[in-house]
file coords06.txt (compact mmCIF, C-alpha atoms)
# COMPACT_ATOMS: atom_id res chain seq x y z
CA MET A 1 56.02 135.23 96.92
CA LYS A 2 52.96 133.20 97.86
CA TYR A 3 51.37 134.03 94.49
CA TYR A 4 54.45 132.89 92.60
CA LEU A 5 54.19 129.59 94.41
CA TYR A 6 50.51 129.25 93.41
CA ILE A 7 51.37 130.01 89.80
CA ALA A 8 54.22 127.51 89.87
CA LEU A 9 51.90 124.86 91.31
CA LEU A 10 49.27 125.67 88.71
CA PHE A 11 51.82 125.16 85.94
CA LEU A 12 52.98 121.96 87.53
CA PHE A 13 49.46 120.52 87.59
CA ALA A 14 48.66 121.82 84.12
CA CYS A 15 51.79 120.26 82.68
CA ALA A 16 51.46 116.95 84.49
CA ASN A 17 50.73 114.26 81.96
CA LYS A 18 48.59 111.80 83.86
CA PRO A 19 48.18 109.20 81.08
CA LYS A 20 51.93 109.16 80.45
CA ASP A 21 52.63 108.96 84.18
CA LEU A 22 50.34 105.96 84.46
CA ALA A 23 51.99 104.31 81.46
CA ASP A 24 55.37 104.78 83.16
CA LYS A 25 53.91 103.42 86.39
CA ALA A 26 52.72 100.29 84.56
CA CYS A 27 56.18 99.93 83.06
CA ASP A 28 57.76 100.29 86.52
CA CYS A 29 55.63 97.35 87.72
CA VAL A 30 57.11 95.20 84.98
CA LYS A 31 60.64 96.61 85.18
CA SER A 32 60.90 95.83 88.87
CA GLU A 33 60.57 92.16 87.96
CA GLY A 34 63.30 92.24 85.36
CA MET A 35 63.05 91.00 81.81
CA ASN A 36 63.48 87.31 82.68
CA THR A 37 60.59 87.23 85.13
CA MET A 38 58.57 89.20 82.63
CA MET A 39 58.75 86.28 80.22
CA GLY A 40 57.76 83.78 82.89
CA LYS A 41 54.95 83.62 85.44
CA PRO A 42 54.05 86.99 86.95
CA SER A 43 54.78 87.43 90.63
CA ASN A 44 52.03 88.43 93.04
CA LYS A 45 53.79 91.76 93.48
CA MET A 46 53.81 92.57 89.78
CA GLU A 47 50.21 91.48 89.33
CA LYS A 48 49.09 93.59 92.27
CA CYS A 49 51.06 96.54 90.93
CA LEU A 50 49.54 96.25 87.43
CA LYS A 51 46.05 95.84 88.83
CA GLY A 52 46.70 99.00 90.81
CA VAL A 53 47.51 100.88 87.60
CA VAL A 54 44.35 99.55 85.91
CA GLY A 55 42.43 100.78 88.98
CA ASP A 56 44.07 104.21 88.66
CA VAL A 57 43.12 104.30 84.98
CA LYS A 58 39.53 103.46 85.92
CA ARG A 59 39.46 106.28 88.49
CA GLU A 60 40.94 108.77 86.01
CA LEU A 61 38.35 107.90 83.39
CA LYS A 62 35.42 108.27 85.77
CA GLY A 63 33.25 111.25 84.84
CA LYS A 64 35.02 111.84 81.53
CA ASN A 65 33.01 111.98 78.33
CA LYS A 66 33.73 109.75 75.32
CA ARG A 67 36.07 112.20 73.62
CA GLU A 68 38.05 112.78 76.82
CA LYS A 69 38.26 109.03 77.40
CA SER A 70 39.51 108.52 73.87
CA LEU A 71 42.16 111.22 74.29
CA PHE A 72 43.25 109.72 77.61
CA ALA A 73 43.48 106.20 76.13
CA ARG A 74 45.53 107.40 73.16
CA GLU A 75 47.89 109.44 75.34
CA PHE A 76 48.26 106.44 77.65
CA LEU A 77 49.20 104.17 74.74
CA LYS A 78 51.63 106.76 73.41
CA GLY A 79 53.15 106.75 76.88
CA VAL A 80 53.47 102.96 76.68
CA ILE A 81 55.19 103.24 73.30
CA ASP A 82 57.64 105.79 74.73
CA SER A 83 58.22 103.87 77.96
CA ASP A 84 61.41 102.03 78.89
CA CYS A 85 59.45 98.77 78.62
CA SER A 86 58.75 99.30 74.97
CA ASN A 87 62.46 99.96 74.43
CA MET A 88 63.31 96.83 76.42
CA VAL A 89 60.99 94.68 74.31
CA LEU A 90 62.30 96.17 71.07
CA GLN A 91 65.84 95.70 72.27
CA PHE A 92 65.16 91.98 72.62
CA LEU A 93 63.54 91.84 69.20
CA PRO A 94 66.20 91.33 66.56
CA GLU A 95 65.94 93.86 63.75
CA LYS A 96 65.96 91.03 61.20
CA GLN A 97 62.91 89.51 62.84
CA LEU A 98 61.10 92.83 62.85
CA LEU A 99 61.83 93.34 59.15
CA LYS A 100 60.75 89.77 58.42
CA SER A 101 57.42 90.37 60.24
CA LEU A 102 56.85 93.54 58.27
CA GLU A 103 57.64 91.69 55.03
CA ASP A 104 55.14 88.98 56.01
CA ILE A 105 52.43 91.57 56.64
CA SER A 106 53.28 93.25 53.37
CA ALA A 107 53.08 89.94 51.49
CA SER A 108 49.76 89.05 53.09
CA LEU A 109 48.38 92.40 51.95
CA ASP A 110 49.23 91.50 48.36
CA GLU A 111 47.82 88.01 48.59
CA ASP A 112 44.72 87.63 50.66
CA PHE A 113 44.01 90.88 52.43
CA ASN A 114 40.31 90.88 53.11
CA LEU A 115 39.19 93.67 55.37
CA GLU A 116 35.65 92.39 55.36
CA ARG A 117 36.67 89.03 56.73
CA LEU A 118 39.00 90.70 59.19
CA ILE A 119 36.21 92.87 60.53
CA GLU A 120 33.89 89.93 60.68
CA ASN A 121 36.41 87.87 62.60
CA TYR A 122 37.84 90.47 64.92
CA THR A 123 35.13 93.01 65.48
CA LEU A 124 31.58 91.87 64.99
CA LYS A 125 32.28 88.43 66.35
CA ASN A 126 33.76 89.86 69.53
CA ILE A 127 31.05 92.42 69.99
CA GLY A 128 28.44 89.77 69.29
CA SER A 129 29.77 87.24 71.75
CA GLN A 130 30.05 89.90 74.46
CA THR A 131 26.49 91.05 73.90
CA ILE A 132 25.14 87.52 73.93
CA LYS A 133 26.69 87.06 77.36
CA THR A 134 24.78 90.07 78.72
CA GLN A 135 21.44 88.52 77.67
CA ASP A 136 19.88 91.98 77.68
CA LYS A 137 16.79 92.00 75.45
CA ASN A 138 17.45 95.44 73.98
CA SER A 139 21.06 94.62 73.14
CA LEU A 140 20.19 91.19 71.79
CA SER A 141 17.46 92.52 69.51
CA GLU A 142 19.83 95.21 68.27
CA LEU A 143 22.44 92.53 67.59
CA VAL A 144 20.07 90.31 65.64
CA CYS A 145 18.85 93.27 63.59
CA ASP A 146 22.40 94.40 62.89
CA CYS A 147 23.16 90.93 61.68
CA LEU A 148 20.16 90.87 59.36
CA GLU A 149 21.02 94.34 58.11
CA LEU A 150 24.60 93.33 57.43
CA GLU A 151 23.44 90.26 55.64
CA LYS A 152 21.24 92.35 53.40
CA ASP A 153 23.79 95.06 52.76
CA ILE A 154 27.14 93.47 52.27
CA GLN A 155 26.49 89.78 51.74
CA LEU A 156 28.85 88.48 54.39
CA GLU A 157 30.09 85.01 53.64
CA LYS A 158 28.95 83.78 57.01
CA SER A 159 25.20 83.85 56.82
CA LEU A 160 22.28 83.16 59.03
CA GLY A 161 21.38 80.42 56.57
CA THR A 162 18.05 78.77 57.18
CA SER A 163 17.40 80.91 60.25
CA GLN A 164 17.35 84.06 58.18
CA GLN A 165 14.78 82.57 55.80
CA LYS A 166 12.77 81.40 58.79
CA ILE A 167 12.79 84.92 60.23
CA LYS A 168 11.71 86.43 56.93
CA ASP A 169 8.95 83.86 56.51
CA THR A 170 7.71 84.43 60.04
CA TYR A 171 7.89 88.20 60.18
CA GLY A 172 7.61 89.12 56.51
CA SER A 173 6.98 92.79 55.89
CA LYS A 174 7.04 93.67 59.59
CA MET A 175 10.84 93.66 59.32
CA TYR A 176 10.84 97.43 58.76
CA ASP A 177 10.92 97.98 62.52
CA CYS A 178 13.25 95.18 63.33
CA GLU A 179 14.37 96.10 66.85
CA THR A 180 10.86 96.80 68.17
CA LEU A 181 9.75 93.52 66.72
CA PHE A 182 12.48 91.48 68.34
CA LYS A 183 12.31 93.25 71.71
CA SER A 184 8.94 91.61 72.27
CA GLU A 185 10.28 88.18 71.37
CA ASP A 186 11.11 85.36 73.73
CA PRO A 187 14.62 86.02 75.16
CA LYS A 188 15.59 82.39 74.50
CA LEU A 189 14.77 82.76 70.80
CA LEU A 190 16.63 86.07 70.66
CA LYS A 191 19.67 84.49 72.26
CA SER A 192 19.69 81.55 69.88
CA LEU A 193 19.32 83.86 66.85
CA ALA A 194 22.15 86.05 68.10
CA GLU A 195 24.34 83.00 68.66
CA GLU A 196 23.67 81.73 65.15
CA CYS A 197 24.53 85.07 63.70
CA TYR A 198 27.73 85.59 65.60
CA MET B 1 46.47 89.82 71.73
CA ARG B 2 43.50 89.82 69.39
CA ASN B 3 42.49 93.27 70.60
CA LEU B 4 45.98 94.54 70.10
CA LEU B 5 46.00 93.19 66.57
CA LEU B 6 42.63 94.77 65.97
CA PHE B 7 43.90 98.05 67.28
CA ILE B 8 47.08 97.97 65.20
CA ILE B 9 45.20 97.09 62.02
CA PHE B 10 42.56 99.74 62.46
CA ALA B 11 44.97 102.23 63.84
CA PHE B 12 46.76 101.81 60.55
CA ALA B 13 43.47 102.51 58.85
CA SER B 14 43.29 105.92 60.43
CA CYS B 15 42.70 109.44 59.34
CA SER B 16 43.65 112.91 60.38
CA THR B 17 44.10 116.42 59.13
CA ASP B 18 47.82 116.83 58.55
CA ASN B 19 50.08 115.35 55.93
CA LYS B 20 51.82 112.51 57.68
CA GLU B 21 51.91 109.33 55.62
CA GLU B 22 49.87 107.44 58.16
CA ASN B 23 47.09 109.96 57.79
CA ALA B 24 46.67 109.32 54.09
CA LEU B 25 44.73 106.28 55.19
CA CYS B 26 42.08 108.58 56.53
CA ASP B 27 41.10 109.62 53.06
CA CYS B 28 40.37 106.00 52.34
CA LEU B 29 37.83 105.75 55.13
CA GLU B 30 36.20 109.14 54.58
CA ILE B 31 35.15 109.44 58.18
CA GLU B 32 32.10 111.58 58.82
CA GLU B 33 31.43 113.95 61.71
CA GLY B 34 30.29 112.01 64.77
CA GLN B 35 30.56 108.68 63.03
CA LYS B 36 30.51 105.61 65.24
CA PHE B 37 33.19 102.93 65.03
CA GLU B 38 30.70 100.20 64.15
CA SER B 39 29.17 102.13 61.27
CA LEU B 40 32.64 103.03 60.03
CA MET B 41 33.54 99.36 59.98
CA LYS B 42 30.34 98.39 58.19
CA LYS B 43 30.88 101.07 55.57
CA THR B 44 34.49 99.99 55.09
CA ALA B 45 33.58 96.34 54.82
CA ALA B 46 31.00 97.12 52.18
CA ASN B 47 33.31 99.02 49.89
CA GLN B 48 35.96 97.27 47.82
CA SER B 49 37.66 100.49 46.70
CA THR B 50 38.02 101.55 50.35
CA GLN B 51 39.66 98.23 51.11
CA ASN B 52 42.04 98.60 48.17
CA CYS B 53 42.90 102.09 49.33
CA VAL B 54 43.59 100.86 52.90
CA ARG B 55 45.75 98.06 51.56
CA SER B 56 47.77 100.37 49.39
CA LYS B 57 48.37 102.98 52.13
CA LEU B 58 49.16 100.32 54.70
CA SER B 59 51.64 98.81 52.30
CA SER B 60 53.44 102.14 51.85
CA ILE B 61 53.65 102.66 55.60
CA ILE B 62 55.25 99.24 56.00
CA LYS B 63 57.71 100.09 53.23
CA LYS B 64 58.54 103.35 54.98
CA ILE B 65 59.29 101.58 58.26
CA LYS B 66 61.34 98.90 56.54
CA SER B 67 63.46 101.41 54.67
CA ALA B 68 64.06 103.65 57.67
CA GLU B 69 67.56 103.96 59.06
CA ASP B 70 66.26 102.79 62.42
CA PRO B 71 63.15 100.64 61.75
CA LYS B 72 62.39 100.18 65.46
CA THR B 73 62.17 103.91 66.07
CA ALA B 74 60.25 104.35 62.82
CA LEU B 75 57.73 101.76 63.98
CA LYS B 76 57.25 103.55 67.29
CA GLU B 77 56.84 106.92 65.59
CA SER B 78 54.39 105.49 63.12
CA MET B 79 52.25 103.99 65.88
CA LYS B 80 52.23 107.28 67.78
CA ASN B 81 51.22 109.15 64.63
CA LEU B 82 48.38 106.71 64.18
CA LEU B 83 47.19 107.33 67.72
CA ASP B 84 46.94 111.02 66.91
CA THR B 85 44.54 110.49 64.07
CA GLU B 86 40.83 111.11 63.98
CA CYS B 87 40.05 107.48 63.29
CA ALA B 88 42.01 106.41 66.35
CA ASP B 89 39.84 108.90 68.22
CA VAL B 90 36.69 107.22 66.87
CA ILE B 91 38.02 103.77 67.76
CA PHE B 92 38.96 104.72 71.30
CA GLN B 93 35.64 106.41 71.92
CA GLU B 94 34.13 102.94 71.59
CA ILE B 95 36.75 100.89 73.40
CA SER B 96 36.99 100.76 77.18
CA LEU B 97 40.65 101.33 78.09
CA GLU B 98 40.19 99.40 81.30
CA GLU B 99 38.85 96.33 79.48
CA PHE B 100 41.50 96.71 76.79
CA LEU B 101 44.27 96.76 79.40
CA ASN B 102 42.88 93.80 81.33
CA SER B 103 42.57 91.81 78.14
CA GLU B 104 46.07 92.69 76.89
CA LEU B 105 47.77 92.13 80.25
CA ASN B 106 46.02 88.77 80.49
CA SER B 107 47.04 87.69 77.02
CA MET B 108 50.63 88.73 77.72
CA GLY B 109 50.52 86.54 80.82
CA PHE B 110 51.08 89.48 83.18
CA LEU B 111 47.94 88.68 85.11
CA LYS B 112 47.27 85.19 86.45

call {"tool": "encode", "arguments": {"input": "coords06.txt", "output": "structure tokens"}}
result
Amino acid sequence: MKYYLYIALLFLFACANKPKDLADKACDCVKSEGMNTMMGKPSNKMEKCLKGVVGDVKRELKGKNKREKSLFAREFLKGVIDSDCSNMVLQFLPEKQLLKSLEDISASLDEDFNLERLIENYTLKNIGSQTIKTQDKNSLSELVCDCLELEKDIQLEKSLGTSQQKIKDTYGSKMYDCETLFKSEDPKLLKSLAEECY
Amino acid sequence: MRNLLLFIIFAFASCSTDNKEENALCDCLEIEEGQKFESLMKKTAANQSTQNCVRSKLSSIIKKIKSAEDPKTALKESMKNLLDTECADVIFQEISLEEFLNSELNSMGFLK
């Protein structure tokens, strides 16, 4: 009988879906406030509850490799999509409005969809500004070199302008080992170059 | 909100191995084994035909959701399918879920 209990427990743990449970827990934090409060200022209780879930997520991710973290994140978000909260939000969203939003996206795809600009605005810019904040020489030199590389490869509209010419004039053919070159540079110069680029 | 938008857009630009409509986008990006998110983005940005392909597939997904009997459920299913793709895997290998959550909860006004 004892062994059956062990097996049952084993199945229970194996089948437990931690990311989904945490998504439901996050939803419970919000649900307890009710939809009206959700639209207004968060209460201390809800904030504490949500911060608790973020802490749980952090603990769950500890020691996991990149692939495991990715799987966890995706399962968590699927849990959010399936949660009561998602249904609540969608319930409040009139179907006409949803269709209108989809039509708008569809129209924008036909008119001025520019993935390059999108990436520049939403990805590189964000990554760049975060790296600049760290002021780490290795990261900053990598950032500047990425920027120069991008400039060379895909002719982004936003350019380094005069700074890029200045860099080429100063460093000339040494550019082949860009990161090594910039790692030995003055951090202030690196930071200003990174800021100009991003 | 910006991160969420980023996620939705690039989640739409995802790839996988089965035949779901969302996964057709994968063929546009031609993801390589062990490819990093940043290099995937650079490659995508550099290639006009990839962008056209993404636009066309994204457009058909939107049409599919719009024409569904229950568009809300179709939207949810579509997003979940996208999360199952290989490109979503690449994206989330580079994004910290903790930072993503903090940022989203902040932008939704759930955290003061």

call {"tool": "atom_distance", "arguments": {"input": "coords06.txt", "atom1": "CA of Asp24 in chain A", "atom2": "CA of Lys66 in chain B"}}
result
27.9 Å

call {"tool": "atom_distance", "arguments": {"input": "coords06.txt", "atom1": "CA of Asp27 in chain B", "atom2": "CA of Met79 in chain B"}}
result
17.9 Å

call {"tool": "closest_residue", "arguments": {"input": "coords06.txt", "among": "B:Cys53, B:Gln48, B:Cys28, B:Ser78", "to": "Ile65 in chain B", "atoms": "only C-alpha atoms"}}
result
B:Ser78

call {"tool": "closest_residue", "arguments": {"input": "coords06.txt", "among": "A:Asn138, A:Val144, A:Leu99, A:Ser106", "to": "Arg55 in chain B", "atoms": "all atoms listed in the file"}}
result
A:Ser106

call {"tool": "interface_residues", "arguments": {"input": "coords06.txt", "of": "chain B", "to": "chain A", "cutoff": "7 Å", "atoms": "all atoms listed in the file", "output": "number ranges by chain"}}
result
B: 6, 45-46, 51, 55, 59, 62, 66, 72, 76, 80, 83, 89, 92-93, 97-98, 110-111

call {"tool": "write_last_selection", "arguments": {"input": "coords06.txt", "atoms": "C-alpha atoms", "output": "CSV table (one decimal), in the coordinates of the input"}}
result
chain,number,residue,atom,x,y,z
B,6,LEU,CA,42.6,94.8,66.0
B,45,ALA,CA,33.6,96.3,54.8
B,46,ALA,CA,31.0,97.1,52.2
B,51,GLN,CA,39.7,98.2,51.1
B,55,ARG,CA,45.8,98.1,51.6
B,59,SER,CA,51.6,98.8,52.3
B,62,ILE,CA,55.2,99.2,56.0
B,66,LYS,CA,61.3,98.9,56.5
B,72,LYS,CA,62.4,100.2,65.5
B,76,LYS,CA,57.2,103.6,67.3
B,80,LYS,CA,52.2,107.3,67.8
B,83,LEU,CA,47.2,107.3,67.7
B,89,ASP,CA,39.8,108.9,68.2
B,92,PHE,CA,39.0,104.7,71.3
B,93,GLN,CA,35.6,106.4,71.9
B,97,LEU,CA,40.6,101.3,78.1
B,98,GLU,CA,40.2,99.4,81.3
B,110,PHE,CA,51.1,89.5,83.2
B,111,LEU,CA,47.9,88.7,85.1

call {"tool": "atom_distance", "arguments": {"input": "coords06.txt", "atom1": "CA of Ser103 in chain B", "atom2": "CA of Thr44 in chain B"}}
result
25.8 Å

call {"tool": "closest_residue", "arguments": {"input": "coords06.txt", "among": "B:Glu77, B:Gln35, B:Asp84, B:Ser96", "to": "Ile61 in chain B", "atoms": "all atoms listed in the file"}}
result
B:Glu77

call {"tool": "residues_around", "arguments": {"input": "coords06.txt", "residues": "Val90 in chain B", "least_positions_apart": "5", "cutoff": "10 Å", "atoms": "only C-alpha atoms", "output": "list in words"}}
result
Lys66, Arg67 and Ser70 of chain A; Ser14, Cys15, Ile31, Glu33, Gly34, Gln35, Lys36, Phe37, Glu38, Leu40, Thr85 and Ile95 of chain B

call {"tool": "write_last_selection", "arguments": {"input": "coords06.txt", "atoms": "C-alpha atoms", "output": "compact mmCIF listing (two decimals), in the coordinates of the input"}}
result
# COMPACT_ATOMS: atom_id res chain seq x y z
CA LYS A 66 33.73 109.75 75.32
CA ARG A 67 36.07 112.20 73.62
CA SER A 70 39.51 108.52 73.87
CA SER B 14 43.29 105.92 60.43
CA CYS B 15 42.70 109.44 59.34
CA ILE B 31 35.15 109.44 58.18
CA GLU B 33 31.43 113.95 61.71
CA GLY B 34 30.29 112.01 64.77
CA GLN B 35 30.56 108.68 63.03
CA LYS B 36 30.51 105.61 65.24
CA PHE B 37 33.19 102.93 65.03
CA GLU B 38 30.70 100.20 64.15
CA LEU B 40 32.64 103.03 60.03
CA THR B 85 44.54 110.49 64.07
CA ILE B 95 36.75 100.89 73.40
